[in-house]
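Raw input37.cif, mmCIF, C-alpha atoms, pLDDT in the B column; chains and numbers go by the auth columns:
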```
data_target
#
loop_
_atom_site.group_PDB
_atom_site.id
_atom_site.type_symbol
_atom_site.label_atom_id
_atom_site.label_comp_id
_atom_site.label_asym_id
_atom_site.label_seq_id
_atom_site.Cartn_x
_atom_site.Cartn_y
_atom_site.Cartn_z
_atom_site.B_iso_or_equiv
_atom_site.auth_seq_id
_atom_site.auth_asym_id
ATOM 1 C CA MET A 1 14.508 -28.863 -37.381 60.00 2 A
ATOM 2 C CA ARG A 2 16.187 -31.357 -35.052 59.00 3 A
ATOM 3 C CA ASN A 3 17.908 -28.506 -33.224 64.00 4 A
ATOM 4 C CA ARG A 4 14.524 -27.003 -32.387 63.00 5 A
ATOM 5 C CA HIS A 5 13.246 -30.297 -31.033 62.00 6 A
ATOM 6 C CA ALA A 6 16.419 -30.812 -29.014 63.00 7 A
ATOM 7 C CA ALA A 7 16.166 -27.291 -27.565 65.00 8 A
ATOM 8 C CA GLY A 8 12.505 -27.863 -26.727 64.00 9 A
ATOM 9 C CA LEU A 9 13.245 -31.158 -24.995 62.00 10 A
ATOM 10 C CA ALA A 10 16.099 -29.572 -23.036 67.00 11 A
ATOM 11 C CA THR A 11 13.788 -26.759 -21.903 71.00 12 A
ATOM 12 C CA LEU A 12 11.105 -29.258 -20.887 63.00 13 A
ATOM 13 C CA ALA A 13 13.611 -31.329 -18.932 64.00 14 A
ATOM 14 C CA ALA A 14 14.893 -28.243 -17.120 63.00 15 A
ATOM 15 C CA ALA A 15 11.331 -27.180 -16.262 61.00 16 A
ATOM 16 C CA LEU A 16 10.490 -30.632 -14.893 56.00 17 A
ATOM 17 C CA THR A 17 13.669 -30.660 -12.811 60.00 18 A
ATOM 18 C CA VAL A 18 12.857 -27.253 -11.303 52.00 19 A
ATOM 19 C CA SER A 19 9.231 -28.185 -10.599 48.00 20 A
ATOM 20 C CA GLY A 20 10.329 -31.448 -8.987 46.00 21 A
ATOM 21 C CA ALA A 21 12.571 -29.546 -6.591 48.00 22 A
ATOM 22 C CA ALA A 22 9.818 -27.050 -5.812 50.00 23 A
ATOM 23 C CA SER A 23 7.343 -29.786 -4.855 55.00 24 A
ATOM 24 C CA ALA A 24 9.723 -31.073 -2.177 61.00 25 A
ATOM 25 C CA GLN A 25 8.903 -28.125 0.124 74.00 26 A
ATOM 26 C CA THR A 26 6.615 -28.706 3.055 80.00 27 A
ATOM 27 C CA VAL A 27 3.568 -26.617 3.853 78.00 28 A
ATOM 28 C CA GLY A 28 5.310 -25.298 6.962 77.00 29 A
ATOM 29 C CA SER A 29 8.328 -24.041 5.008 79.00 30 A
ATOM 30 C CA ILE A 30 6.056 -22.347 2.485 78.00 31 A
ATOM 31 C CA ALA A 31 4.093 -20.658 5.292 74.00 32 A
ATOM 32 C CA SER A 32 7.310 -19.550 6.975 76.00 33 A
ATOM 33 C CA SER A 33 8.601 -18.075 3.730 76.00 34 A
ATOM 34 C CA LEU A 34 5.290 -16.306 3.137 74.00 35 A
ATOM 35 C CA THR A 35 5.349 -14.820 6.654 72.00 36 A
ATOM 36 C CA THR A 36 8.859 -13.477 6.136 72.00 37 A
ATOM 37 C CA GLN A 37 7.957 -11.958 2.777 72.00 38 A
ATOM 38 C CA THR A 38 4.781 -10.270 4.022 70.00 39 A
ATOM 39 C CA SER A 39 6.605 -8.663 6.955 67.00 40 A
ATOM 40 C CA LEU A 40 9.097 -7.222 4.465 72.00 41 A
ATOM 41 C CA VAL A 41 6.215 -5.777 2.438 74.00 42 A
ATOM 42 C CA GLY A 42 5.093 -3.844 5.520 71.00 43 A
ATOM 43 C CA THR A 43 8.601 -2.445 5.907 76.00 44 A
ATOM 44 C CA LEU A 44 8.662 -1.463 2.232 80.00 45 A
ATOM 45 C CA ILE A 45 5.316 0.339 2.559 78.00 46 A
ATOM 46 C CA THR A 46 6.625 2.176 5.626 81.00 47 A
ATOM 47 C CA VAL A 47 9.764 3.401 3.897 85.00 48 A
ATOM 48 C CA ILE A 48 7.981 4.434 0.696 88.00 49 A
ATOM 49 C CA SER A 49 5.245 6.304 2.564 88.00 50 A
ATOM 50 C CA PHE A 50 7.779 8.222 4.673 89.00 51 A
ATOM 51 C CA VAL A 51 9.853 9.214 1.656 92.00 52 A
ATOM 52 C CA LEU A 52 6.831 10.265 -0.414 93.00 53 A
ATOM 53 C CA GLY A 53 5.266 12.076 2.553 93.00 54 A
ATOM 54 C CA VAL A 54 8.370 14.147 3.193 93.00 55 A
ATOM 55 C CA ALA A 55 8.734 14.884 -0.534 95.00 56 A
ATOM 56 C CA LEU A 56 5.114 16.067 -0.787 94.00 57 A
ATOM 57 C CA ALA A 57 5.481 18.214 2.317 94.00 58 A
ATOM 58 C CA ILE A 58 8.578 19.874 0.840 95.00 59 A
ATOM 59 C CA ALA A 59 6.728 20.392 -2.452 94.00 60 A
ATOM 60 C CA GLY A 60 3.875 22.003 -0.510 94.00 61 A
ATOM 61 C CA LEU A 61 6.289 24.350 1.252 94.00 62 A
ATOM 62 C CA MET A 62 7.790 25.275 -2.112 94.00 63 A
ATOM 63 C CA LYS A 63 4.297 26.075 -3.434 93.00 64 A
ATOM 64 C CA PHE A 64 3.675 28.296 -0.398 91.00 65 A
ATOM 65 C CA ARG A 65 6.913 30.116 -1.131 93.00 66 A
ATOM 66 C CA ALA A 66 6.101 30.471 -4.850 92.00 67 A
ATOM 67 C CA HIS A 67 2.653 31.853 -3.997 91.00 68 A
ATOM 68 C CA SER A 68 4.104 34.380 -1.564 90.00 69 A
ATOM 69 C CA GLN A 69 6.603 35.575 -4.187 91.00 70 A
ATOM 70 C CA ASN A 70 4.041 35.902 -6.978 89.00 71 A
ATOM 71 C CA PRO A 71 0.404 35.621 -5.793 86.00 72 A
ATOM 72 C CA ASN A 72 -1.007 36.524 -9.225 87.00 73 A
ATOM 73 C CA ASP A 73 0.481 33.489 -10.986 85.00 74 A
ATOM 74 C CA PRO A 74 -2.348 30.973 -11.565 85.00 75 A
ATOM 75 C CA SER A 75 0.039 27.988 -11.337 85.00 76 A
ATOM 76 C CA ASN A 76 0.927 28.896 -7.734 84.00 77 A
ATOM 77 C CA LYS A 77 -2.453 28.447 -6.076 88.00 78 A
ATOM 78 C CA MET A 78 -2.677 28.297 -2.320 90.00 79 A
ATOM 79 C CA SER A 79 -5.049 25.328 -2.540 90.00 80 A
ATOM 80 C CA THR A 80 -2.384 23.255 -4.293 91.00 81 A
ATOM 81 C CA ALA A 81 0.042 23.965 -1.455 92.00 82 A
ATOM 82 C CA PHE A 82 -2.532 22.872 1.148 93.00 83 A
ATOM 83 C CA VAL A 83 -3.355 19.676 -0.761 93.00 84 A
ATOM 84 C CA LEU A 84 0.332 18.777 -1.017 93.00 85 A
ATOM 85 C CA MET A 85 0.871 19.421 2.690 93.00 86 A
ATOM 86 C CA PHE A 86 -2.157 17.353 3.760 94.00 87 A
ATOM 87 C CA ALA A 87 -1.195 14.485 1.426 94.00 88 A
ATOM 88 C CA GLY A 88 2.341 14.522 2.820 93.00 89 A
ATOM 89 C CA ALA A 89 1.050 14.449 6.389 92.00 90 A
ATOM 90 C CA GLY A 90 -1.253 11.557 5.519 90.00 91 A
ATOM 91 C CA LEU A 91 1.564 9.540 3.992 90.00 92 A
ATOM 92 C CA VAL A 92 3.789 10.103 7.019 88.00 93 A
ATOM 93 C CA ALA A 93 0.925 8.784 9.195 86.00 94 A
ATOM 94 C CA VAL A 94 0.472 5.586 7.134 80.00 95 A
ATOM 95 C CA PRO A 95 2.915 3.442 9.202 74.00 96 A
ATOM 96 C CA ALA A 96 1.002 4.065 12.431 74.00 97 A
ATOM 97 C CA VAL A 97 -2.280 3.201 10.720 76.00 98 A
ATOM 98 C CA LEU A 98 -0.680 0.178 9.060 68.00 99 A
ATOM 99 C CA GLY A 99 0.287 -1.306 12.432 65.00 100 A
ATOM 100 C CA THR A 100 -3.219 -0.793 13.773 69.00 101 A
ATOM 101 C CA GLY A 101 -4.770 -2.333 10.658 66.00 102 A
ATOM 102 C CA ILE A 102 -2.565 -5.414 10.870 65.00 103 A
ATOM 103 C CA ALA A 103 -3.438 -5.886 14.541 65.00 104 A
ATOM 104 C CA THR A 104 -7.140 -5.506 13.704 68.00 105 A
ATOM 105 C CA VAL A 105 -7.132 -8.080 10.904 67.00 106 A
ATOM 106 C CA PHE A 106 -4.599 -10.627 12.175 65.00 107 A
ATOM 107 C CA GLY A 107 -4.818 -10.195 15.958 64.00 108 A
ATOM 108 C CA SER A 108 -2.505 -8.698 18.540 64.00 109 A
ATOM 109 C CA SER A 109 0.167 -11.391 18.115 61.00 110 A
ATOM 110 C CA ALA A 110 0.846 -10.374 14.482 56.00 111 A
ATOM 111 C CA ASN A 111 4.036 -8.593 13.502 57.00 112 A
ATOM 112 C CA THR A 112 3.310 -4.882 13.311 56.00 113 A
ATOM 113 C CA THR A 113 5.317 -1.908 12.167 54.00 114 A
ATOM 114 C CA ASN A 114 5.354 1.729 13.148 54.00 115 A
ATOM 115 C CA GLY A 115 7.456 4.793 12.522 52.00 116 A
ATOM 116 C CA THR A 116 10.254 3.828 14.906 52.00 117 A
ATOM 117 C CA THR A 117 10.720 0.122 14.119 56.00 118 A
ATOM 118 C CA GLY A 118 9.697 0.242 10.466 50.00 119 A
ATOM 119 C CA PHE A 119 13.205 0.936 9.188 48.00 120 A
ATOM 120 C CA ARG A 120 14.845 -2.205 10.581 49.00 121 A
ATOM 121 C CA SER A 121 16.018 -3.251 7.097 40.00 122 A
ATOM 122 C CA LEU A 122 18.144 -0.113 6.643 38.00 123 A
#
```
What is this file in structure tokens?
Amino acid sequence: MRNRHAAGLATLAAALTVSGAASAQTVGSIASSLTTQTSLVGTLITVISFVLGVALAIAGLMKFRAHSQNPNDPSNKMSTAFVLMFAGAGLVAVPAVLGTGIATVFGSSANTTNGTTGFRSL
């Protein structure tokens, strides 16, 4: 029983120590950290959209090929190939739209990303 109380008090003391250190940050340092983290989220969205867009475009091309080899197979519909191709093209275009959206919401001085500078973390 005493071991449980001792473990609970140790956990509480550790939590208070961590929260005391966290309250020492200034508002400016928190805002700076938040700005850095949100710019990295834009880069992550850029990379993921490019990778998924290329993968969907390749899947669409494979569906076109499967339909041309066996047009009577109901699982190889031409409409599925077109949907995959259009979705892939849309995902590849997301970084350009993302930069425009950020400039619209946060102004022209905001950090923006596009297809050429979006991969700066790689």
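The space separating atom CA of A:Ala90 from atom CA of A:Val48 comes to 14.3 Å.
Pairwise distance (atom CA of A:Thr39, atom CA of A:Ala97) equals 17.0 Å.
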Measure the distance from atom CA of A:Ala88 to atom CA of A:Val42 in Å and round it to one decimal.
-> 21.6 Å
Could you give me, as a VMD selection string, the residues within 12 Å of stretch 61-73 of chain A, counting all atoms listed in the file and dropping anything in the same chain fewer than 2 positions from it?
-> chain A and resid 54 to 59 75 to 90
May I have the selected residues written with C-alpha atoms, as a PDB file, in the frame of the given file?
```pdb
ATOM      1  CA  GLY A  54       5.266  12.076   2.553  1.00 93.00           C
ATOM      2  CA  VAL A  55       8.370  14.147   3.193  1.00 93.00           C
ATOM      3  CA  ALA A  56       8.734  14.884  -0.534  1.00 95.00           C
ATOM      4  CA  LEU A  57       5.114  16.067  -0.787  1.00 94.00           C
ATOM      5  CA  ALA A  58       5.481  18.214   2.317  1.00 94.00           C
ATOM      6  CA  ILE A  59       8.578  19.874   0.840  1.00 95.00           C
ATOM      7  CA  PRO A  75      -2.348  30.973 -11.565  1.00 85.00           C
ATOM      8  CA  SER A  76       0.039  27.988 -11.337  1.00 85.00           C
ATOM      9  CA  ASN A  77       0.927  28.896  -7.734  1.00 84.00           C
ATOM     10  CA  LYS A  78      -2.453  28.447  -6.076  1.00 88.00           C
ATOM     11  CA  MET A  79      -2.677  28.297  -2.320  1.00 90.00           C
ATOM     12  CA  SER A  80      -5.049  25.328  -2.540  1.00 90.00           C
ATOM     13  CA  THR A  81      -2.384  23.255  -4.293  1.00 91.00           C
ATOM     14  CA  ALA A  82       0.042  23.965  -1.455  1.00 92.00           C
ATOM     15  CA  PHE A  83      -2.532  22.872   1.148  1.00 93.00           C
ATOM     16  CA  VAL A  84      -3.355  19.676  -0.761  1.00 93.00           C
ATOM     17  CA  LEU A  85       0.332  18.777  -1.017  1.00 93.00           C
ATOM     18  CA  MET A  86       0.871  19.421   2.690  1.00 93.00           C
ATOM     19  CA  PHE A  87      -2.157  17.353   3.760  1.00 94.00           C
ATOM     20  CA  ALA A  88      -1.195  14.485   1.426  1.00 94.00           C
ATOM     21  CA  GLY A  89       2.341  14.522   2.820  1.00 93.00           C
ATOM     22  CA  ALA A  90       1.050  14.449   6.389  1.00 92.00           C
TER      23      ALA A  90
END
```
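Once the PyMOL selection byres ((chain A and resi 50) around 8) is applied to the depicted file, the selected set reads Ile46, Thr47, Val48, Ile49, Phe51, Val52, Leu53, Gly54, Leu92, Val93, Val95 and Pro96 of chain A.
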